[in-house]
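Student: My structure is in my_file10.cif, and what it holds is mmCIF, C-alpha atoms and all ligand atoms:
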data_final
loop_
_atom_site.label_atom_id
_atom_site.label_comp_id
_atom_site.auth_asym_id
_atom_site.auth_seq_id
_atom_site.Cartn_x
_atom_site.Cartn_y
_atom_site.Cartn_z
CA MET Z 1 -23.37 2.21 -22.78
CA SER Z 2 -22.62 -0.98 -20.83
CA THR Z 3 -21.49 -0.87 -17.17
CA LEU Z 4 -18.11 -2.14 -18.32
CA GLN Z 5 -17.77 0.66 -20.87
CA LYS Z 6 -18.81 3.22 -18.25
CA LEU Z 7 -16.21 1.93 -15.79
CA ALA Z 8 -13.53 1.87 -18.51
CA GLN Z 9 -14.43 5.45 -19.42
CA PHE Z 10 -14.14 6.45 -15.75
CA GLY Z 11 -10.70 4.79 -15.66
CA GLN Z 12 -9.61 6.59 -18.83
CA ARG Z 13 -10.65 9.90 -17.30
CA HIS Z 14 -9.14 9.46 -13.84
CA ILE Z 15 -6.18 7.08 -14.15
CA ALA Z 16 -2.96 8.52 -15.57
CA LYS Z 17 -2.42 7.74 -19.24
CA GLY Z 18 1.25 7.04 -18.57
CA ILE Z 19 0.31 3.69 -17.02
CA GLY Z 20 -0.37 2.19 -20.46
CA ARG Z 21 -2.70 -0.77 -20.69
CA SER Z 22 -3.11 -3.55 -23.22
CA THR Z 23 -6.88 -3.96 -22.69
CA GLU Z 24 -9.86 -1.87 -21.59
CA LEU Z 25 -11.30 -4.77 -19.61
CA VAL Z 26 -12.43 -4.10 -16.04
CA ILE Z 27 -11.93 -7.17 -13.91
CA ASP Z 28 -13.13 -7.86 -10.41
CA LYS Z 29 -12.66 -11.59 -9.88
CA GLY Z 30 -9.97 -14.17 -10.44
CA LYS Z 31 -9.70 -17.89 -9.73
CA GLY Z 32 -6.84 -20.12 -10.81
CA ALA Z 33 -6.05 -19.47 -14.47
CA TYR Z 34 -9.19 -17.36 -15.06
CA VAL Z 35 -10.34 -13.78 -14.54
CA TRP Z 36 -13.86 -12.35 -14.85
CA THR Z 37 -14.92 -8.87 -15.91
CA THR Z 38 -17.46 -6.85 -13.93
CA GLU Z 39 -20.05 -8.13 -16.40
CA GLY Z 40 -19.17 -11.75 -15.72
CA LYS Z 41 -17.24 -12.50 -18.91
CA LYS Z 42 -14.58 -15.14 -18.30
CA TYR Z 43 -11.06 -15.02 -19.74
CA LEU Z 44 -8.25 -17.56 -19.62
CA ASP Z 45 -5.36 -15.53 -18.21
CA PHE Z 46 -1.95 -16.28 -19.72
CA THR Z 47 -0.57 -12.94 -18.51
CA THR Z 48 -0.64 -13.45 -14.71
CA GLY Z 49 0.43 -9.82 -14.16
CA ILE Z 50 3.68 -10.83 -15.93
CA GLY Z 51 4.31 -13.74 -13.63
CA VAL Z 52 2.89 -12.32 -10.41
CA THR Z 53 0.04 -14.75 -9.79
CA SER Z 54 2.41 -17.71 -9.83
CA THR Z 55 -0.01 -20.05 -8.03
CA GLY Z 56 -3.00 -18.73 -9.98
CA HIS Z 57 -5.53 -16.16 -8.87
CA CYS Z 58 -6.70 -16.50 -5.26
CA HIS Z 59 -5.16 -19.85 -4.41
CA PRO Z 60 -7.16 -21.02 -1.35
CA HIS Z 61 -4.06 -21.72 0.73
CA VAL Z 62 -2.66 -18.24 0.05
CA VAL Z 63 -6.06 -16.61 0.65
CA LYS Z 64 -6.35 -18.36 4.02
CA ALA Z 65 -2.83 -17.31 5.06
CA VAL Z 66 -3.60 -13.70 4.10
CA GLN Z 67 -6.94 -13.70 5.92
CA ASP Z 68 -5.42 -15.19 9.08
CA GLN Z 69 -2.51 -12.77 9.00
CA ALA Z 70 -4.71 -9.73 8.32
CA ALA Z 71 -6.74 -10.63 11.39
CA SER Z 72 -3.73 -10.79 13.70
CA LEU Z 73 -1.18 -8.17 12.53
CA THR Z 74 -1.17 -6.07 9.38
CA HIS Z 75 1.90 -3.93 9.85
CA GLY Z 76 5.16 -4.73 11.56
CA GLN Z 77 7.42 -1.78 10.74
CA CYS Z 78 10.77 -3.42 10.09
CA ASN Z 79 12.83 -0.55 11.43
CA ILE Z 80 11.19 -1.03 14.81
CA PHE Z 81 10.54 -4.77 15.18
CA TYR Z 82 11.36 -8.13 13.72
CA HIS Z 83 8.10 -9.71 12.71
CA LYS Z 84 7.39 -13.42 12.79
CA PRO Z 85 6.01 -13.85 9.22
CA MET Z 86 9.28 -12.44 7.79
CA LEU Z 87 11.39 -14.73 9.95
CA ASP Z 88 9.22 -17.71 8.95
CA LEU Z 89 9.51 -16.73 5.30
CA ILE Z 90 13.31 -16.49 5.44
CA GLU Z 91 13.53 -19.87 7.13
CA LYS Z 92 11.59 -21.40 4.22
CA LEU Z 93 13.21 -19.35 1.47
CA GLN Z 94 16.88 -19.64 2.33
CA PRO Z 95 17.23 -23.38 1.55
CA LYS Z 96 15.71 -22.67 -1.88
CA MET Z 97 18.44 -20.20 -2.85
CA PRO Z 98 20.82 -21.17 -5.68
CA SER Z 99 23.65 -21.32 -3.13
CA LYS Z 100 23.95 -21.54 0.65
CA SER Z 101 26.16 -18.43 0.51
CA LEU Z 102 23.07 -16.33 -0.28
CA ASP Z 103 21.89 -16.16 3.29
CA THR Z 104 21.00 -12.56 4.18
CA PHE Z 105 17.76 -10.96 3.03
CA PHE Z 106 15.78 -7.83 3.02
CA PHE Z 107 12.39 -7.06 1.56
CA TRP Z 108 10.56 -4.21 -0.16
CA ASN Z 109 7.31 -3.95 -2.12
CA SER Z 110 8.15 -3.69 -5.83
CA GLY Z 111 10.77 -5.08 -8.16
CA SER Z 112 12.09 -1.59 -8.91
CA GLU Z 113 12.70 -0.85 -5.24
CA ALA Z 114 14.60 -4.12 -4.85
CA VAL Z 115 16.75 -3.38 -7.94
CA GLU Z 116 17.50 0.05 -6.49
CA ALA Z 117 18.46 -1.63 -3.22
CA ALA Z 118 20.81 -4.00 -5.07
CA ILE Z 119 22.55 -1.06 -6.77
CA LYS Z 120 22.80 0.82 -3.48
CA LEU Z 121 24.36 -2.23 -1.88
CA ALA Z 122 26.81 -2.78 -4.76
CA ARG Z 123 27.92 0.85 -4.76
CA HIS Z 124 28.23 1.12 -1.02
CA ALA Z 125 29.98 -2.21 -0.53
CA THR Z 126 32.52 -1.73 -3.34
CA LYS Z 127 32.94 2.06 -3.01
CA LYS Z 128 32.68 2.12 -6.83
CA GLN Z 129 30.04 3.84 -8.89
CA ASN Z 130 29.49 2.44 -12.39
CA VAL Z 131 27.01 -0.25 -13.37
CA ILE Z 132 27.03 -2.28 -16.58
CA VAL Z 133 23.66 -3.30 -18.01
CA PHE Z 134 22.69 -5.29 -21.10
CA GLN Z 135 21.02 -4.17 -24.29
CA GLY Z 136 17.32 -5.02 -24.09
CA SER Z 137 17.30 -4.89 -20.29
CA TYR Z 138 14.31 -3.97 -18.13
CA HIS Z 139 14.84 -3.22 -14.46
CA GLY Z 140 11.95 -0.88 -13.62
CA ARG Z 141 10.51 2.59 -13.95
CA THR Z 142 11.90 4.62 -11.06
CA ILE Z 143 14.56 7.14 -12.04
CA GLY Z 144 17.32 4.79 -10.89
CA THR Z 145 15.95 1.67 -12.56
CA MET Z 146 14.96 3.51 -15.76
CA SER Z 147 18.63 4.44 -15.98
CA LEU Z 148 19.42 0.72 -16.13
CA THR Z 149 16.67 -0.08 -18.63
CA THR Z 150 17.38 -0.19 -22.36
CA SER Z 151 14.53 -2.27 -23.79
CA LYS Z 152 12.47 0.70 -25.07
CA THR Z 153 13.07 4.44 -25.36
CA ILE Z 154 9.85 5.26 -23.45
CA TYR Z 155 11.59 3.97 -20.33
CA GLY Z 156 13.79 7.02 -19.96
CA ALA Z 157 13.33 9.50 -22.78
CA GLY Z 158 12.30 12.87 -21.38
CA TYR Z 159 13.00 11.90 -17.77
CA GLY Z 160 16.65 12.86 -17.68
CA PRO Z 161 19.14 13.42 -16.37
CA LEU Z 162 19.11 9.78 -15.42
CA MET Z 163 21.57 8.12 -13.06
CA SER Z 164 25.11 8.50 -14.35
CA GLY Z 165 27.74 5.78 -14.57
CA VAL Z 166 25.59 3.29 -16.51
CA HIS Z 167 27.22 1.52 -19.48
CA VAL Z 168 25.58 -0.88 -21.90
CA ALA Z 169 26.93 -4.19 -23.21
CA PRO Z 170 25.23 -6.37 -25.87
CA PHE Z 171 23.06 -9.30 -24.78
CA PRO Z 172 23.40 -12.50 -26.84
CA TYR Z 173 20.10 -12.39 -28.74
CA CYS Z 174 20.72 -15.34 -31.06
CA HIS Z 175 17.59 -14.92 -33.16
CA GLN Z 176 18.50 -11.31 -33.99
CA CYS Z 177 22.24 -11.96 -34.28
CA ALA Z 178 23.67 -10.75 -37.61
CA VAL Z 179 25.96 -13.77 -38.00
CA HIS Z 180 23.22 -16.22 -37.19
CA LYS Z 181 20.70 -14.53 -39.45
CA SER Z 182 22.87 -13.88 -42.46
CA SER Z 183 24.35 -17.33 -42.56
CA PRO Z 184 22.49 -19.87 -40.48
CA ASP Z 185 24.51 -22.72 -42.04
CA THR Z 186 27.75 -21.43 -40.62
CA PHE Z 187 26.21 -20.52 -37.30
CA ASN Z 188 28.57 -21.53 -34.59
CA ILE Z 189 27.31 -20.97 -31.11
CA ASN Z 190 30.81 -20.49 -29.73
CA ASN Z 191 32.04 -17.94 -32.27
CA CYS Z 192 28.80 -16.08 -32.41
CA CYS Z 193 28.14 -15.90 -28.74
CA ASN Z 194 31.66 -15.16 -27.71
CA ASP Z 195 31.10 -11.78 -29.23
CA PRO Z 196 28.93 -10.34 -26.42
CA ILE Z 197 31.59 -11.51 -23.96
CA ARG Z 198 34.31 -9.82 -26.05
CA GLN Z 199 32.15 -6.67 -26.19
CA LEU Z 200 31.72 -6.73 -22.43
CA GLU Z 201 35.48 -6.92 -22.05
CA LEU Z 202 35.71 -3.91 -24.38
CA VAL Z 203 33.27 -2.01 -22.14
CA PHE Z 204 35.67 -2.67 -19.24
CA LYS Z 205 38.63 -1.50 -21.35
CA GLN Z 206 37.03 1.44 -23.12
CA ARG Z 207 34.12 2.81 -21.06
CA SER Z 208 34.05 1.61 -17.49
CA ALA Z 209 37.28 0.39 -15.93
CA PRO Z 210 36.85 -2.42 -13.40
CA SER Z 211 38.27 -0.06 -10.77
CA ASP Z 212 35.24 2.21 -11.35
CA THR Z 213 32.62 -0.54 -11.83
CA ALA Z 214 30.55 -1.70 -8.89
CA ALA Z 215 28.40 -4.30 -10.66
CA VAL Z 216 27.04 -5.93 -13.78
CA ILE Z 217 23.28 -6.44 -13.61
CA ILE Z 218 21.58 -9.05 -15.80
CA GLU Z 219 18.21 -10.68 -16.26
CA PRO Z 220 19.26 -14.34 -16.69
CA VAL Z 221 16.38 -14.65 -19.17
CA GLN Z 222 15.48 -11.27 -20.61
CA GLY Z 223 11.84 -10.37 -19.97
CA GLU Z 224 10.67 -7.13 -21.54
CA GLY Z 225 13.56 -7.45 -24.02
CA GLY Z 226 11.83 -10.43 -25.66
CA TYR Z 227 12.07 -13.59 -23.53
CA VAL Z 228 15.62 -14.12 -24.72
CA VAL Z 229 17.55 -17.06 -23.28
CA PRO Z 230 21.32 -16.61 -23.46
CA PRO Z 231 23.37 -19.46 -24.95
CA LYS Z 232 24.81 -22.14 -22.71
CA ASP Z 233 28.20 -20.63 -21.84
CA PHE Z 234 27.21 -17.02 -21.46
CA LEU Z 235 26.33 -16.75 -17.77
CA PRO Z 236 29.25 -18.91 -16.55
CA LYS Z 237 31.61 -16.75 -18.63
CA LEU Z 238 30.01 -13.60 -17.27
CA ARG Z 239 30.55 -14.90 -13.72
CA GLU Z 240 34.22 -15.55 -14.59
CA ILE Z 241 34.70 -12.05 -15.98
CA CYS Z 242 33.09 -10.41 -12.95
CA ASP Z 243 35.36 -12.42 -10.63
CA LYS Z 244 38.44 -11.61 -12.70
CA ASN Z 245 37.64 -7.89 -12.56
CA ASN Z 246 36.45 -7.81 -8.97
CA VAL Z 247 33.00 -6.61 -10.02
CA LEU Z 248 29.76 -7.81 -8.40
CA LEU Z 249 27.22 -9.80 -10.40
CA ILE Z 250 23.55 -8.92 -9.76
CA ALA Z 251 20.90 -11.30 -11.11
CA ASP Z 252 17.55 -9.56 -11.59
CA GLU Z 253 15.18 -12.51 -11.18
CA VAL Z 254 12.10 -10.35 -10.74
CA GLN Z 255 10.46 -11.97 -13.77
CA SER Z 256 12.45 -15.20 -14.16
CA GLY Z 257 12.48 -16.25 -10.49
CA PHE Z 258 10.15 -18.35 -8.35
CA GLY Z 259 9.78 -21.30 -10.67
CA ARG Z 260 8.93 -19.37 -13.81
CA THR Z 261 11.69 -21.05 -15.85
CA GLY Z 262 11.14 -24.51 -14.36
CA LYS Z 263 13.79 -24.06 -11.66
CA MET Z 264 13.35 -22.00 -8.53
CA PHE Z 265 15.72 -19.38 -9.98
CA ALA Z 266 16.83 -19.10 -13.60
CA VAL Z 267 20.56 -18.84 -12.73
CA GLU Z 268 20.34 -22.50 -11.65
CA HIS Z 269 20.07 -23.50 -15.33
CA TRP Z 270 23.73 -22.49 -15.66
CA ASP Z 271 24.85 -23.26 -12.13
CA VAL Z 272 25.84 -19.65 -11.53
CA THR Z 273 25.65 -17.90 -8.16
CA PRO Z 274 25.25 -14.13 -8.33
CA ASP Z 275 26.56 -11.88 -5.57
CA ILE Z 276 23.13 -10.29 -5.22
CA LEU Z 277 19.86 -11.83 -6.36
CA VAL Z 278 16.76 -9.66 -6.82
CA MET Z 279 13.29 -11.19 -6.49
CA ALA Z 280 9.67 -10.03 -6.66
CA LYS Z 281 6.55 -10.85 -8.75
CA GLY Z 282 5.89 -14.61 -8.28
CA ILE Z 283 7.21 -14.59 -4.70
CA ALA Z 284 3.85 -13.86 -3.03
CA SER Z 285 1.16 -14.91 -5.56
CA GLY Z 286 0.02 -11.32 -6.11
CA TYR Z 287 0.79 -9.55 -2.83
CA PRO Z 288 3.34 -6.74 -3.05
CA LEU Z 289 6.66 -8.15 -1.95
CA SER Z 290 10.17 -7.93 -3.36
CA GLY Z 291 13.57 -8.57 -1.92
CA ILE Z 292 17.27 -9.01 -2.32
CA VAL Z 293 19.49 -11.74 -0.98
CA SER Z 294 23.26 -11.67 -0.69
CA ARG Z 295 26.14 -12.90 1.45
CA LYS Z 296 26.06 -11.67 5.02
CA GLU Z 297 29.48 -10.07 4.86
CA LEU Z 298 28.45 -8.07 1.78
CA MET Z 299 24.96 -7.16 2.94
CA ASP Z 300 26.16 -6.02 6.36
CA LYS Z 301 28.48 -3.42 4.88
CA GLN Z 302 25.59 -0.96 4.78
CA PRO Z 303 25.11 1.10 7.91
CA ALA Z 304 22.09 0.42 10.12
CA GLY Z 305 19.18 2.63 9.09
CA SER Z 306 20.32 3.14 5.47
CA MET Z 307 18.02 0.38 4.13
CA GLY Z 308 14.33 -0.32 4.43
CA GLY Z 309 11.15 1.70 4.08
CA THR Z 310 7.78 2.06 5.80
CA TYR Z 311 6.05 -0.83 4.02
CA GLY Z 312 9.05 -2.98 3.07
CA GLY Z 313 8.49 -6.65 3.89
CA ASN Z 314 4.88 -6.17 4.98
CA VAL Z 315 3.61 -8.91 7.32
CA VAL Z 316 0.63 -9.89 5.18
CA ALA Z 317 2.79 -10.05 2.05
CA CYS Z 318 5.35 -12.18 3.91
CA ALA Z 319 2.58 -14.55 5.02
CA ALA Z 320 1.41 -14.77 1.40
CA ALA Z 321 4.97 -15.55 0.28
CA LYS Z 322 5.38 -18.31 2.85
CA ALA Z 323 2.03 -19.79 1.80
CA THR Z 324 3.14 -19.56 -1.85
CA LEU Z 325 6.25 -21.61 -1.07
CA GLU Z 326 4.05 -24.17 0.73
CA VAL Z 327 1.91 -24.46 -2.40
CA PHE Z 328 5.10 -24.93 -4.45
CA GLU Z 329 6.00 -27.90 -2.25
CA ASP Z 330 2.53 -29.41 -1.73
CA GLU Z 331 1.50 -29.21 -5.36
CA LYS Z 332 4.88 -29.95 -6.93
CA ILE Z 333 4.72 -26.70 -8.85
CA LEU Z 334 8.14 -27.04 -10.49
CA GLU Z 335 7.25 -30.46 -11.89
CA ASN Z 336 4.01 -29.08 -13.28
CA THR Z 337 5.83 -26.08 -14.78
CA ASN Z 338 8.20 -28.37 -16.65
CA ALA Z 339 5.45 -30.73 -17.83
CA ARG Z 340 3.24 -27.88 -19.10
CA SER Z 341 6.29 -26.26 -20.67
CA GLU Z 342 7.02 -29.39 -22.67
CA GLN Z 343 3.36 -29.66 -23.66
CA LEU Z 344 3.36 -26.07 -24.96
CA PHE Z 345 6.77 -26.13 -26.63
CA SER Z 346 6.22 -29.36 -28.55
CA ALA Z 347 2.75 -28.35 -29.78
CA LEU Z 348 3.78 -24.77 -30.65
CA ARG Z 349 6.92 -25.91 -32.48
CA SER Z 350 5.07 -28.48 -34.54
CA ARG Z 351 1.98 -26.39 -35.33
CA VAL Z 352 2.86 -22.68 -35.49
CA PRO Z 353 5.36 -22.80 -38.41
CA LYS Z 354 2.62 -24.38 -40.58
CA LEU Z 355 0.32 -21.39 -40.04
CA LEU Z 356 2.69 -18.72 -41.27
CA PRO Z 357 2.33 -16.78 -44.51
CA LYS Z 358 4.97 -17.21 -47.23
CA GLY Z 359 8.33 -15.70 -46.29
CA ALA Z 360 7.58 -15.54 -42.57
CA SER Z 361 9.37 -17.49 -39.87
CA VAL Z 362 9.03 -18.02 -36.16
CA ASP Z 363 11.37 -18.52 -33.22
CA ILE Z 364 9.70 -20.28 -30.29
CA ARG Z 365 11.92 -19.97 -27.25
CA GLY Z 366 12.09 -19.66 -23.51
CA LEU Z 367 12.42 -21.81 -20.43
CA GLY Z 368 9.65 -23.33 -18.33
CA LEU Z 369 6.52 -21.23 -18.58
CA MET Z 370 8.33 -18.11 -19.78
CA ILE Z 371 7.69 -18.62 -23.48
CA GLY Z 372 8.31 -16.15 -26.31
CA ILE Z 373 7.08 -16.57 -29.87
CA GLU Z 374 8.90 -14.18 -32.20
CA PHE Z 375 7.65 -13.78 -35.76
CA SER Z 376 9.89 -12.49 -38.56
CA GLY Z 377 8.87 -11.47 -42.07
CA VAL Z 378 5.43 -10.31 -40.89
CA PRO Z 379 3.94 -6.80 -40.96
CA ALA Z 380 4.52 -4.49 -37.98
CA GLY Z 381 1.87 -5.00 -35.33
CA PHE Z 382 1.38 -8.70 -36.13
CA ALA Z 383 2.00 -9.88 -32.54
CA SER Z 384 -0.49 -7.31 -31.20
CA LYS Z 385 -3.04 -8.49 -33.75
CA ILE Z 386 -2.71 -12.02 -32.39
CA ALA Z 387 -3.14 -10.77 -28.81
CA ASN Z 388 -6.23 -8.77 -29.87
CA GLU Z 389 -7.73 -11.76 -31.72
CA ALA Z 390 -7.07 -13.91 -28.64
CA ARG Z 391 -8.81 -11.46 -26.33
CA ASP Z 392 -11.70 -10.40 -28.55
CA LYS Z 393 -12.57 -13.70 -30.25
CA HIS Z 394 -11.17 -16.47 -28.09
CA ASP Z 395 -11.36 -15.08 -24.52
CA LEU Z 396 -7.66 -15.64 -23.91
CA LEU Z 397 -5.35 -12.97 -22.47
CA VAL Z 398 -1.77 -12.94 -23.77
CA LEU Z 399 0.84 -10.18 -23.97
CA THR Z 400 3.43 -9.04 -26.44
CA THR Z 401 7.00 -8.08 -25.58
CA SER Z 402 10.18 -6.64 -27.10
CA ILE Z 403 10.65 -4.23 -30.01
CA TYR Z 404 10.20 -7.16 -32.41
CA GLU Z 405 6.98 -9.06 -33.17
CA THR Z 406 6.98 -11.24 -30.08
CA LEU Z 407 4.12 -12.82 -28.21
CA ARG Z 408 4.71 -14.07 -24.69
CA LEU Z 409 2.97 -16.78 -22.72
CA ILE Z 410 3.12 -16.57 -18.92
CA PRO Z 411 0.43 -18.83 -17.45
CA PRO Z 412 0.16 -19.57 -13.75
CA LEU Z 413 2.65 -22.28 -12.80
CA ASN Z 414 -0.17 -24.58 -11.64
CA VAL Z 415 -2.06 -24.34 -14.93
CA THR Z 416 -3.57 -27.74 -15.70
CA LYS Z 417 -2.94 -29.99 -18.69
CA GLU Z 418 -6.50 -29.36 -19.90
CA GLU Z 419 -6.25 -25.57 -19.52
CA THR Z 420 -2.94 -25.65 -21.39
CA ALA Z 421 -4.44 -27.69 -24.23
CA ASP Z 422 -7.40 -25.31 -24.35
CA ALA Z 423 -5.12 -22.24 -24.42
CA LEU Z 424 -3.10 -23.80 -27.19
CA GLU Z 425 -6.17 -24.17 -29.44
CA ARG Z 426 -7.12 -20.56 -28.72
CA ILE Z 427 -3.57 -19.40 -29.60
CA ILE Z 428 -3.60 -21.34 -32.87
CA LYS Z 429 -6.98 -19.84 -33.84
CA SER Z 430 -5.72 -16.35 -32.92
CA ILE Z 431 -2.62 -16.75 -35.10
CA GLU Z 432 -4.84 -17.99 -37.97
CA GLY Z 433 -7.07 -14.94 -37.47
CA ALA Z 434 -4.09 -12.55 -37.55
CA VAL Z 435 -2.67 -14.24 -40.66
CA ASP Z 436 -6.07 -13.86 -42.41
CA GLN Z 437 -5.83 -10.09 -41.82
CA ILE Z 438 -2.48 -9.74 -43.64
N1 LIG N 501 13.03 -6.26 -13.17
C1 LIG N 501 12.44 -7.07 -14.05
C2 LIG N 501 13.24 -8.13 -14.72
C3 LIG N 501 11.07 -6.93 -14.34
O1 LIG N 501 10.50 -7.73 -15.23
C4 LIG N 501 10.34 -5.93 -13.66
C5 LIG N 501 8.84 -5.75 -13.91
N2 LIG N 501 8.39 -6.08 -15.16
C6 LIG N 501 11.01 -5.10 -12.75
C7 LIG N 501 12.34 -5.30 -12.51
C8 LIG N 501 10.27 -4.00 -12.01
O2 LIG N 501 9.39 -4.54 -11.11
P1 LIG N 501 8.15 -3.64 -10.54
O3 LIG N 501 7.25 -3.39 -11.69
O4 LIG N 501 7.55 -4.49 -9.47
O5 LIG N 501 8.75 -2.39 -10.00
#
Can you give me the file's structure in the form of structure tokens?

Tutor:
Amino acid sequence: MSTLQKLAQFGQRHIAKGIGRSTELVIDKGKGAYVWTTEGKKYLDFTTGIGVTSTGHCHPHVVKAVQDQAASLTHGQCNIFYHKPMLDLIEKLQPKMPSKSLDTFFFWNSGSEAVEAAIKLARHATKKQNVIVFQGSYHGRTIGTMSLTTSKTIYGAGYGPLMSGVHVAPFPYCHQCAVHKSSPDTFNINNCCNDPIRQLELVFKQRSAPSDTAAVIIEPVQGEGGYVVPPKDFLPKLREICDKNNVLLIADEVQSGFGRTGKMFAVEHWDVTPDILVMAKGIASGYPLSGIVSRKELMDKQPAGSMGGTYGGNVVACAAAKATLEVFEDEKILENTNARSEQLFSALRSRVPKLLPKGASVDIRGLGLMIGIEFSGVPAGFASKIANEARDKHDLLVLTTSIYETLRLIPPLNVTKEETADALERIIKSIEGAVDQI
């Protein structure tokens, strides 16, 4: 048995099965867009911990900031002190917010904790209880955030009773829309996509009156639900409805934020300002940091001492986040994201449809480097087969998402033109390999 197999076996024995894992690889090194196993095998990593290693693995500028910080102060308990790395981070981060009104921050470690904090804030500030979520949503795996998650039954079934007061509205998933699918010729983006808005209004009339509803929470681009981009008018209309009903709008940008969609935050694509914005993942290039930002008058409604946690806004993680933002500026990360996005989209759209078996079709969608490839008319498990081919035969790591046959590409935002071209060839070969198995 190889060392790698032995380590994997040890992991299987001693790490909880409930974690779930898409590979049995044991890695111990990462650099840029690549990771290496303990046996030195190199993989091109288009998973990035689902967008966490935004500046690639071990970016030298981030590594240096972490090393320097770790040598001077590793913990600065926020309930006792202010610490300088957090203040420096806020100074750098605030001008990058979708609106100047989002000016008051606090930080935690994981996306789930930050979503929980956003719900706490919404409930406490409005003195209302209910929360409206969207079909296909993913907001985390704590009891509170599982209650808001509808993308798969495993995120909740058997863990009840979950948080009460959660109501679900449909998300505009154009590729799976009955009108769009049954009659693509008569597809009318306005008619079709008004429906989710009408349904949301019905939720307010039939299930959760505005007077009982604290907030609507949305992923501006759905992540675990399938990398679904809502149509043009949806978010602005949602903002309008929230304002009309005096309900807060929370944007969960844990996956879509920090440049992933080609803008700093995805809501900027529609020029929408949420009342509360939730961030995590790409913020600190791999160090555990999450946060919420809101207006001062809203944020300060919570009593002193009711927020925070022992490790929230850790100094080293804050230093990593500040260094990440410096890399964004120095290396023009957003420009690169958009250029690589165009490179991938144009090649995928011209080449992938030609590879499909008879009767199959593909929807290639997303924004920036948050790209979903959904196959229809293929056997169940087709997307996983592609991911397995990619890993086992072409040394490329990609993930699947959604309850449909969807592959997702989430490279580091500083992936090079050459690495992108290389990944593309590996993806094409992996799709060919999966088609051959049908
Ligand atoms: N919200 C969204 C949109 C996410 O994608 C995730 C993680 N996939 C979370 C919340 C939860 O974040 P974490 O895993 O850090 O708790």

Student: With 12 Å as the threshold, what does the neighbourhood of (19.2, -10.2, -12.2) contain in terms of residues, counting all atoms listed in the file? Coordinates are those of the file; answer as a PyMOL selection string.

Tutor: chain Z and resi 111-112+114-116+118-119+132-134+137-140+148+215-223+235+248-257+265-267+272-280+291-293

Student: Go through Z:Thr324, Z:Thr23, Z:Thr53, Z:Thr213 and flag the residue nearest Ser384 (chain Z), using only C-alpha atoms for the distances.

Tutor: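 With only C-alpha atoms as the atom set, the closest residue is Z:Thr23.
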
Student: Looking at all atoms listed in the file, which of Z:Arg349, Z:Arg260, Z:Arg123, Z:Lys296 is the one that sits closest to ligand LIG 501 (chain N)?

Tutor: Z:Arg260

Student: Find the axis-aligned box for region 125-144 of chain Z, covering all its listed atoms and adding 3 Å on each side, and write its centre and edge lengths in Å to one decimal as JSON.

Tutor:
{"center_x": 21.7, "center_y": 0.9, "center_z": -12.4, "size_x": 28.4, "size_y": 18.4, "size_z": 29.8}

Student: Got a sec: who's within 10 Å of Leu298 (chain Z), counting all atoms listed in the file, leaving out chain neighbours fewer than 2 positions off, as a list in words?

Tutor: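 Listing them by chain and then by number gives Thr104, Leu121, Ala122, His124, Ala125, Thr126, Asp275, Ile276, Ser294, Arg295, Lys296, Asp300, Lys301 and Gln302 of chain Z.
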
Student: Starting from the block above, write region 254-268 of chain Z out to a file with C-alpha atoms, as a JSON list (two decimals), in the first residue's frame, please.

Tutor:
[["chain", "number", "residue", "atom", "x", "y", "z"],
["Z", 254, "VAL", "CA", -19.57, 34.32, 0.64],
["Z", 255, "GLN", "CA", -18.95, 32.56, -2.69],
["Z", 256, "SER", "CA", -19.61, 35.34, -5.22],
["Z", 257, "GLY", "CA", -17.66, 38.12, -3.48],
["Z", 258, "PHE", "CA", -14.06, 39.29, -3.65],
["Z", 259, "GLY", "CA", -13.70, 39.44, -7.39],
["Z", 260, "ARG", "CA", -15.05, 36.00, -8.17],
["Z", 261, "THR", "CA", -17.62, 37.33, -10.67],
["Z", 262, "GLY", "CA", -15.28, 39.93, -12.20],
["Z", 263, "LYS", "CA", -16.46, 42.73, -9.91],
["Z", 264, "MET", "CA", -15.47, 43.12, -6.28],
["Z", 265, "PHE", "CA", -19.00, 42.07, -5.26],
["Z", 266, "ALA", "CA", -21.59, 40.41, -7.48],
["Z", 267, "VAL", "CA", -24.38, 42.86, -6.54],
["Z", 268, "GLU", "CA", -22.42, 45.51, -8.48]]
